[in-house]
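Structure file coords21.pdb; described as PDB, C-alpha atoms.
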ATOM      1  CA  MET Q   1       7.809  -6.665  20.682  1.00  0.00           C
ATOM      2  CA  LYS Q   2       8.710  -7.640  17.134  1.00  0.00           C
ATOM      3  CA  GLU Q   3      10.804  -5.469  14.839  1.00  0.00           C
ATOM      4  CA  LEU Q   4       8.101  -4.050  12.557  1.00  0.00           C
ATOM      5  CA  ASN Q   5       9.569  -2.718   9.311  1.00  0.00           C
ATOM      6  CA  LYS Q   6       6.759  -0.858   7.587  1.00  0.00           C
ATOM      7  CA  TRP Q   7       8.361   2.592   7.375  1.00  0.00           C
ATOM      8  CA  VAL Q   8       6.498   5.312   5.481  1.00  0.00           C
ATOM      9  CA  ASP Q   9       8.078   8.441   3.999  1.00  0.00           C
ATOM     10  CA  ILE Q  10       5.701  11.308   4.741  1.00  0.00           C
ATOM     11  CA  ARG Q  11       6.355  12.896   1.346  1.00  0.00           C
ATOM     12  CA  LYS Q  12       5.101   9.849  -0.555  1.00  0.00           C
ATOM     13  CA  LYS Q  13       2.038   8.768   1.405  1.00  0.00           C
ATOM     14  CA  GLN Q  14      -1.244   8.979  -0.537  1.00  0.00           C
ATOM     15  CA  THR Q  15       0.433  10.358  -3.667  1.00  0.00           C
ATOM     16  CA  ARG Q  16       0.895   7.387  -6.032  1.00  0.00           C
ATOM     17  CA  GLU Q  17      -1.225   9.000  -8.792  1.00  0.00           C
ATOM     18  CA  VAL Q  18       0.495  12.380  -8.390  1.00  0.00           C
ATOM     19  CA  THR Q  19       3.076  13.388 -11.013  1.00  0.00           C
ATOM     20  CA  ASP Q  20       3.705  16.963  -9.830  1.00  0.00           C
ATOM     21  CA  MET Q  21       3.156  18.589  -6.457  1.00  0.00           C
ATOM     22  CA  ASP Q  22       4.614  21.198  -4.153  1.00  0.00           C
ATOM     23  CA  VAL Q  23       5.721  19.812  -0.792  1.00  0.00           C
ATOM     24  CA  ILE Q  24       6.436  21.885   2.285  1.00  0.00           C
ATOM     25  CA  ILE Q  25       7.614  20.368   5.581  1.00  0.00           C
ATOM     26  CA  VAL Q  26       7.856  22.508   8.706  1.00  0.00           C
ATOM     27  CA  LYS Q  27       8.171  21.805  12.395  1.00  0.00           C
ATOM     28  CA  ASP Q  28       5.529  23.566  14.441  1.00  0.00           C
ATOM     29  CA  GLU Q  29       6.955  23.818  17.970  1.00  0.00           C
ATOM     30  CA  SER Q  30       3.639  24.910  19.480  1.00  0.00           C
ATOM     31  CA  LEU Q  31       2.002  21.664  18.246  1.00  0.00           C
ATOM     32  CA  ASN Q  32       5.096  19.527  18.859  1.00  0.00           C
ATOM     33  CA  SER Q  33       4.476  18.240  15.344  1.00  0.00           C
ATOM     34  CA  TYR Q  34       5.859  18.287  11.849  1.00  0.00           C
ATOM     35  CA  ILE Q  35       3.420  19.594   9.266  1.00  0.00           C
ATOM     36  CA  THR Q  36       3.631  18.487   5.652  1.00  0.00           C
ATOM     37  CA  LEU Q  37       1.619  20.282   3.005  1.00  0.00           C
ATOM     38  CA  LYS Q  38       1.287  18.509  -0.352  1.00  0.00           C
ATOM     39  CA  GLU Q  39      -0.356  20.672  -3.019  1.00  0.00           C
ATOM     40  CA  VAL Q  40      -1.284  18.590  -6.071  1.00  0.00           C
ATOM     41  CA  LYS Q  41      -0.514  20.211  -9.416  1.00  0.00           C
ATOM     42  CA  GLU Q  42      -0.777  17.206 -11.775  1.00  0.00           C
ATOM     43  CA  LEU Q  43      -1.757  13.546 -11.489  1.00  0.00           C
ATOM     44  CA  THR Q  44      -2.363  10.609 -13.811  1.00  0.00           C
ATOM     45  CA  GLU Q  45      -5.975  10.217 -12.735  1.00  0.00           C
ATOM     46  CA  PRO Q  46      -8.179  11.385  -9.880  1.00  0.00           C
ATOM     47  CA  HIS Q  47      -8.336   9.141  -6.817  1.00  0.00           C
ATOM     48  CA  ILE Q  48     -12.024   8.298  -6.374  1.00  0.00           C
ATOM     49  CA  ILE Q  49     -13.463   6.326  -3.445  1.00  0.00           C
ATOM     50  CA  PRO Q  50     -16.925   5.244  -2.279  1.00  0.00           C
ATOM     51  CA  VAL Q  51     -18.230   7.136   0.759  1.00  0.00           C
ATOM     52  CA  ASN Q  52     -21.694   6.718   2.201  1.00  0.00           C
ATOM     53  CA  GLY Q  53     -23.016   5.084  -0.970  1.00  0.00           C
ATOM     54  CA  GLU Q  54     -21.601   7.674  -3.381  1.00  0.00           C
ATOM     55  CA  TRP Q  55     -18.347   8.081  -5.292  1.00  0.00           C
ATOM     56  CA  ILE Q  56     -16.272  11.076  -4.201  1.00  0.00           C
ATOM     57  CA  THR Q  57     -13.020  12.454  -5.495  1.00  0.00           C
ATOM     58  CA  LYS Q  58     -10.465  12.183  -2.714  1.00  0.00           C
ATOM     59  CA  LEU Q  59      -7.505  13.567  -4.677  1.00  0.00           C
ATOM     60  CA  ASP Q  60      -7.319  15.597  -7.877  1.00  0.00           C
ATOM     61  CA  LYS Q  61      -5.549  18.576  -9.399  1.00  0.00           C
ATOM     62  CA  GLY Q  62      -5.836  21.529  -7.041  1.00  0.00           C
ATOM     63  CA  TYR Q  63      -6.408  19.315  -3.984  1.00  0.00           C
ATOM     64  CA  THR Q  64      -4.169  19.402  -0.916  1.00  0.00           C
ATOM     65  CA  ILE Q  65      -3.059  16.897   1.690  1.00  0.00           C
ATOM     66  CA  LEU Q  66      -2.133  18.486   5.002  1.00  0.00           C
ATOM     67  CA  GLU Q  67      -0.339  15.986   7.197  1.00  0.00           C
ATOM     68  CA  TYR Q  68       0.499  16.173  10.878  1.00  0.00           C
ATOM     69  CA  SER Q  69       3.295  14.042  12.338  1.00  0.00           C
ATOM     70  CA  PRO Q  70       2.985  14.666  16.076  1.00  0.00           C
ATOM     71  CA  ILE Q  71       6.109  13.764  18.045  1.00  0.00           C
ATOM     72  CA  ASP Q  72       4.100  12.789  21.139  1.00  0.00           C
ATOM     73  CA  GLU Q  73       1.376  10.594  19.592  1.00  0.00           C
ATOM     74  CA  LEU Q  74       1.249   7.077  18.135  1.00  0.00           C
ATOM     75  CA  TYR Q  75      -0.594   8.230  15.041  1.00  0.00           C
ATOM     76  CA  ASN Q  76      -0.088  10.306  11.922  1.00  0.00           C
ATOM     77  CA  VAL Q  77      -3.013  12.256  10.461  1.00  0.00           C
ATOM     78  CA  ARG Q  78      -3.744  13.425   6.929  1.00  0.00           C
ATOM     79  CA  GLU Q  79      -6.347  16.067   6.209  1.00  0.00           C
ATOM     80  CA  HIS Q  80      -7.666  15.796   2.642  1.00  0.00           C
ATOM     81  CA  ILE Q  81      -8.810  19.152   1.254  1.00  0.00           C
ATOM     82  CA  ASN Q  82     -10.582  19.563  -2.092  1.00  0.00           C
ATOM     83  CA  ASP Q  83     -10.233  22.409  -4.586  1.00  0.00           C
ATOM     84  CA  LYS Q  84     -13.148  24.228  -2.920  1.00  0.00           C
ATOM     85  CA  LYS Q  85     -11.147  24.326   0.340  1.00  0.00           C
ATOM     86  CA  GLU Q  86     -13.478  21.834   2.021  1.00  0.00           C
ATOM     87  CA  ILE Q  87     -12.135  19.130   4.296  1.00  0.00           C
ATOM     88  CA  LEU Q  88     -13.145  15.714   2.954  1.00  0.00           C
ATOM     89  CA  GLU Q  89     -11.607  13.495   5.595  1.00  0.00           C
ATOM     90  CA  TYR Q  90      -9.089  13.061   8.363  1.00  0.00           C
ATOM     91  CA  TYR Q  91      -7.128   9.843   7.934  1.00  0.00           C
ATOM     92  CA  PHE Q  92      -5.271   8.621  11.027  1.00  0.00           C
ATOM     93  CA  ASP Q  93      -2.585   5.960  10.569  1.00  0.00           C
ATOM     94  CA  ILE Q  94      -1.946   4.195  13.865  1.00  0.00           C
ATOM     95  CA  ILE Q  95       1.829   3.877  14.193  1.00  0.00           C
ATOM     96  CA  LEU Q  96       4.374   2.000  16.266  1.00  0.00           C
ATOM     97  CA  GLN Q  97       7.048   4.692  16.176  1.00  0.00           C
ATOM     98  CA  ARG Q  98       8.272   7.780  14.385  1.00  0.00           C
ATOM     99  CA  GLU Q  99      11.690   9.024  13.431  1.00  0.00           C
ATOM    100  CA  ILE Q 100      13.049  12.112  11.749  1.00  0.00           C
ATOM    101  CA  ARG Q 101      15.633  11.400   9.059  1.00  0.00           C
ATOM    102  CA  LYS Q 102      18.010  13.929   7.530  1.00  0.00           C
ATOM    103  CA  GLU Q 103      17.815  13.931   3.720  1.00  0.00           C
ATOM    104  CA  ASP Q 104      19.383  16.658   1.584  1.00  0.00           C
ATOM    105  CA  GLY Q 105      19.737  18.804   4.691  1.00  0.00           C
ATOM    106  CA  LEU Q 106      16.028  18.550   5.521  1.00  0.00           C
ATOM    107  CA  ASP Q 107      14.258  16.882   8.440  1.00  0.00           C
ATOM    108  CA  ILE Q 108      11.853  14.317   6.963  1.00  0.00           C
ATOM    109  CA  PRO Q 109       9.288  12.531   9.166  1.00  0.00           C
ATOM    110  CA  PHE Q 110       8.974   8.760   8.718  1.00  0.00           C
ATOM    111  CA  TYR Q 111       6.653   6.483  10.641  1.00  0.00           C
ATOM    112  CA  ASN Q 112       6.386   2.750  11.206  1.00  0.00           C
ATOM    113  CA  ASP Q 113       2.783   1.967  10.192  1.00  0.00           C
ATOM    114  CA  LEU Q 114       0.867  -0.381  12.501  1.00  0.00           C
ATOM    115  CA  TYR Q 115      -1.825  -1.256   9.894  1.00  0.00           C
ATOM    116  CA  LEU Q 116      -4.940  -0.023  11.714  1.00  0.00           C
ATOM    117  CA  ASP Q 117      -6.520   3.282  10.592  1.00  0.00           C
ATOM    118  CA  VAL Q 118      -9.200   5.635  11.879  1.00  0.00           C
ATOM    119  CA  ILE Q 119     -10.970   7.702   9.218  1.00  0.00           C
ATOM    120  CA  VAL Q 120     -13.236  10.654   9.910  1.00  0.00           C
ATOM    121  CA  TYR Q 121     -15.348  11.463   6.855  1.00  0.00           C
ATOM    122  CA  GLU Q 122     -16.514  15.064   6.903  1.00  0.00           C
ATOM    123  CA  LYS Q 123     -19.756  16.526   5.538  1.00  0.00           C
ATOM    124  CA  ALA Q 124     -18.095  17.539   2.222  1.00  0.00           C
ATOM    125  CA  ALA Q 125     -17.501  13.820   1.574  1.00  0.00           C
ATOM    126  CA  THR Q 126     -20.578  12.238   3.136  1.00  0.00           C
ATOM    127  CA  LYS Q 127     -23.146  14.747   1.851  1.00  0.00           C
ATOM    128  CA  SER Q 128     -24.789  14.229   5.250  1.00  0.00           C
ATOM    129  CA  GLU Q 129     -23.378  13.913   8.743  1.00  0.00           C
ATOM    130  CA  PRO Q 130     -19.699  13.179   9.462  1.00  0.00           C
ATOM    131  CA  PHE Q 131     -18.854   9.676  10.655  1.00  0.00           C
ATOM    132  CA  ILE Q 132     -15.893   7.687  11.975  1.00  0.00           C
ATOM    133  CA  LEU Q 133     -14.650   4.428  10.457  1.00  0.00           C
ATOM    134  CA  LEU Q 134     -12.162   1.988  11.962  1.00  0.00           C
ATOM    135  CA  ASP Q 135     -10.391   0.611   8.882  1.00  0.00           C
ATOM    136  CA  ASP Q 136      -7.952  -2.181   8.011  1.00  0.00           C
ATOM    137  CA  ARG Q 137      -8.863  -4.453  10.938  1.00  0.00           C
ATOM    138  CA  ASP Q 138      -8.449  -7.435   8.608  1.00  0.00           C
ATOM    139  CA  GLU Q 139      -4.988  -6.202   7.607  1.00  0.00           C
ATOM    140  CA  LEU Q 140      -3.997  -5.906  11.281  1.00  0.00           C
ATOM    141  CA  LYS Q 141      -5.356  -9.370  12.054  1.00  0.00           C
ATOM    142  CA  ALA Q 142      -3.488 -10.848   9.054  1.00  0.00           C
ATOM    143  CA  ALA Q 143      -0.258  -9.168  10.206  1.00  0.00           C
ATOM    144  CA  LEU Q 144      -0.649 -10.882  13.593  1.00  0.00           C
ATOM    145  CA  LYS Q 145      -1.430 -14.245  12.014  1.00  0.00           C
ATOM    146  CA  GLU Q 146       1.557 -13.935   9.649  1.00  0.00           C
ATOM    147  CA  GLU Q 147       3.744 -12.906  12.635  1.00  0.00           C
ATOM    148  CA  LYS Q 148       4.632  -9.526  11.143  1.00  0.00           C
ATOM    149  CA  ILE Q 149       3.527  -8.130  14.501  1.00  0.00           C
ATOM    150  CA  ASP Q 150       3.096  -9.713  17.908  1.00  0.00           C
ATOM    151  CA  GLN Q 151       0.136  -9.654  20.299  1.00  0.00           C
ATOM    152  CA  GLU Q 152       1.545  -6.653  22.165  1.00  0.00           C
ATOM    153  CA  GLU Q 153       1.638  -4.573  18.962  1.00  0.00           C
ATOM    154  CA  TYR Q 154      -1.820  -5.809  17.950  1.00  0.00           C
ATOM    155  CA  ASP Q 155      -3.230  -4.747  21.319  1.00  0.00           C
ATOM    156  CA  LEU Q 156      -1.391  -1.406  21.146  1.00  0.00           C
ATOM    157  CA  ALA Q 157      -2.973  -0.614  17.761  1.00  0.00           C
ATOM    158  CA  TYR Q 158      -6.477  -1.095  19.191  1.00  0.00           C
ATOM    159  CA  LYS Q 159      -5.643   0.779  22.392  1.00  0.00           C
ATOM    160  CA  VAL Q 160      -4.446   3.831  20.408  1.00  0.00           C
ATOM    161  CA  ALA Q 161      -7.364   3.633  17.932  1.00  0.00           C
ATOM    162  CA  ASN Q 162      -9.989   3.337  20.693  1.00  0.00           C
ATOM    163  CA  ALA Q 163      -8.539   6.278  22.638  1.00  0.00           C
ATOM    164  CA  LEU Q 164      -8.358   8.319  19.437  1.00  0.00           C
ATOM    165  CA  MET Q 165     -11.972   7.562  18.467  1.00  0.00           C
ATOM    166  CA  LYS Q 166     -13.136   8.544  21.958  1.00  0.00           C
ATOM    167  CA  GLU Q 167     -11.175  11.794  21.725  1.00  0.00           C
ATOM    168  CA  ILE Q 168     -12.686  12.536  18.297  1.00  0.00           C
ATOM    169  CA  LYS Q 169     -16.253  11.791  19.443  1.00  0.00           C
ATOM    170  CA  GLU Q 170     -15.750  14.147  22.393  1.00  0.00           C
ATOM    171  CA  GLY Q 171     -14.506  16.890  20.039  1.00  0.00           C
ATOM    172  CA  LYS Q 172     -11.084  16.983  21.709  1.00  0.00           C
ATOM    173  CA  ASN Q 173      -8.669  16.049  18.918  1.00  0.00           C
ATOM    174  CA  ARG Q 174      -6.230  18.948  18.616  1.00  0.00           C
ATOM    175  CA  PHE Q 175      -5.600  18.404  14.897  1.00  0.00           C
ATOM    176  CA  ILE Q 176      -9.216  18.093  13.811  1.00  0.00           C
ATOM    177  CA  ASN Q 177     -10.033  21.145  15.900  1.00  0.00           C
ATOM    178  CA  ARG Q 178      -7.534  23.205  13.858  1.00  0.00           C
ATOM    179  CA  GLY Q 179      -9.670  22.812  10.723  1.00  0.00           C
ATOM    180  CA  LEU Q 180      -8.076  24.724   7.834  1.00  0.00           C
ATOM    181  CA  LYS Q 181      -5.903  26.970  10.019  1.00  0.00           C
ATOM    182  CA  ASP Q 182      -2.602  25.334   9.033  1.00  0.00           C
ATOM    183  CA  TYR Q 183      -3.638  24.960   5.404  1.00  0.00           C
ATOM    184  CA  TYR Q 184      -3.936  28.740   5.151  1.00  0.00           C
ATOM    185  CA  LYS Q 185      -0.820  29.313   7.244  1.00  0.00           C
ATOM    186  CA  TYR Q 186       1.550  27.084   5.262  1.00  0.00           C
ATOM    187  CA  ARG Q 187       0.306  26.801   1.688  1.00  0.00           C
ATOM    188  CA  LYS Q 188       2.905  27.684  -0.935  1.00  0.00           C
ATOM    189  CA  ASN Q 189       1.437  30.892  -2.266  1.00  0.00           C
ATOM    190  CA  GLN Q 190       1.603  32.437   1.204  1.00  0.00           C
ATOM    191  CA  ILE Q 191       5.213  31.543   2.014  1.00  0.00           C
TER     192      ILE Q 191
END

For this file, write the structure as structure tokens.
Amino acid sequence: MKELNKWVDIRKKQTREVTDMDVIIVKDESLNSYITLKEVKELTEPHIIPVNGEWITKLDKGYTILEYSPIDELYNVREHINDKKEILEYYFDIILQREIRKEDGLDIPFYNDLYLDVIVYEKAATKSEPFILLDDRDELKAALKEEKIDQEEYDLAYKVANALMKEIKEGKNRFINRGLKDYYKYRKNQI
């Protein structure tokens, strides 16, 4: 295995347009996962993406990103929630490893991103039925070609993604099945 160095700070993922947000990080022992709640207060411009032939706002003022960093899985998952408290998508980053770093006395999850992503677009985003997308296959292939990863890591990314997609299709993903439960449990105005 190569030494992949694509570490991601959980607090900064998917927030490049954001200029002000509340961030809460807690460890949920029952889930064996860290939960990060990022409530967007201000941003330079909304983050808009095409989904199912239409443009949707993925991130704007009043939106929330709820992120799970499970200790026992090779993925990280973000739940994008709009200002109407509707889930737009679940975005799974396939990862090589995770570590918890101490910063300013806090435990901060970091993960080593393995390029490949699984996205579950929900009805609030698709305006029809939810669907699953396997994303960044070209990025993963380029990483192999450029020797940023080796064949073992390439194969691992697909193995994790395929197992995850099967689990999602069967309705067995423990984080998707939680819906908005942790959003309501951990959001700032309830702490």

Determine, counting all atoms listed in the file, which protein, DNA and RNA residues have an atom within 9 Å of an atom of Thr44 in chain Q; residues of the same chain fewer than 2 positions away are not included. Present the result as a VMD selection string. chain Q and resid 17 to 19 42 46

Selection near Glu29 in chain Q, 12 Å with all atoms listed in the file, sequence-local residues under 5 positions removed, as a tab-separated table (two decimals) with C-alpha atoms, in the coordinates of the input:
chain	number	residue	atom	x	y	z
Q	34	TYR	CA	5.86	18.29	11.85
Q	35	ILE	CA	3.42	19.59	9.27
Q	69	SER	CA	3.30	14.04	12.34
Q	70	PRO	CA	2.98	14.67	16.08
Q	71	ILE	CA	6.11	13.76	18.05
Q	72	ASP	CA	4.10	12.79	21.14

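Comparing Q:Leu156, Q:Ala161, Q:Leu74, Q:Ile149 by their smallest distance to Arg98 in chain Q, the closest is Q:Leu74 (using only C-alpha atoms).
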
Output of the PyMOL selection byres ((chain Q and resi 54-64) around 8), listed as number ranges by chain: Q: 37-43, 45-53, 65-66, 80-83, 88, 125

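Every protein or nucleic acid residue with an atom no more than 7 Å from Glu79 in chain Q, counting all atoms listed in the file and leaving out same-chain residues fewer than 5 positions away, appears here: Ile65, Leu66, Glu67, Ile87, Glu89, Tyr90 and Tyr91 of chain Q.
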
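The list of residues with at least one atom within 12 Å of Leu140 in chain Q, based on only C-alpha atoms and without residues fewer than 2 positions apart in the same chain, reads Q:Asp93, Q:Ile94, Q:Ile95, Q:Asp113, Q:Leu114, Q:Tyr115, Q:Leu116, Q:Asp117, Q:Leu134, Q:Asp135, Q:Asp136, Q:Arg137, Q:Asp138, Q:Ala142, Q:Ala143, Q:Leu144, Q:Lys145, Q:Glu146, Q:Glu147, Q:Lys148, Q:Ile149, Q:Asp150, Q:Gln151, Q:Glu153, Q:Tyr154, Q:Asp155, Q:Leu156, Q:Ala157, Q:Tyr158.
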
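Nearest residue to Glu99 in chain Q, choosing from Q:Phe175, Q:Ser33, Q:Ser128, Q:Asp182 and counting all atoms listed in the file: Q:Ser33.
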
Residue nearest Pro109 in chain Q - candidates Q:Asn5, Q:Tyr183, Q:Tyr68, Q:Thr126, atoms counted: only C-alpha atoms: Q:Tyr68

Residues returned when the PyMOL selection byres ((chain Q and resi 174) around 12) runs on this file, as a PyMOL selection string: chain Q and resi 30-33+68+70+73+77+164+167-168+170-173+175-179+181

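Ranking Q:Met165, Q:Leu106, Q:Ala124, Q:Ile100 by their shortest atom-to-atom distance to Ile24 in chain Q, with only C-alpha atoms included, puts Q:Leu106 first.
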
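Atom pair CA of Ile25 in chain Q / CA of Asp107 in chain Q: separated by 8.0 Å.
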
Can you tell me how far CA of Val160 in chain Q sits from CA of Thr36 in chain Q, in Å to one decimal? 22.3 Å

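Counting all atoms listed in the file, the residue from Q:Phe92, Q:Ile108, Q:Lys84, Q:Ile119 that sits nearest to Lys12 in chain Q is Q:Ile108.
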
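Our summary of the geometry notes that CA of Tyr121 in chain Q is positioned 22.4 Å from CA of Arg11 in chain Q.
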
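Comparing the minimum interatomic distances between Ala163 in chain Q and each of Q:Val118, Q:Asp9, Q:Glu129, Q:Tyr111, counting only C-alpha atoms, we find that Q:Val118 sits nearest.
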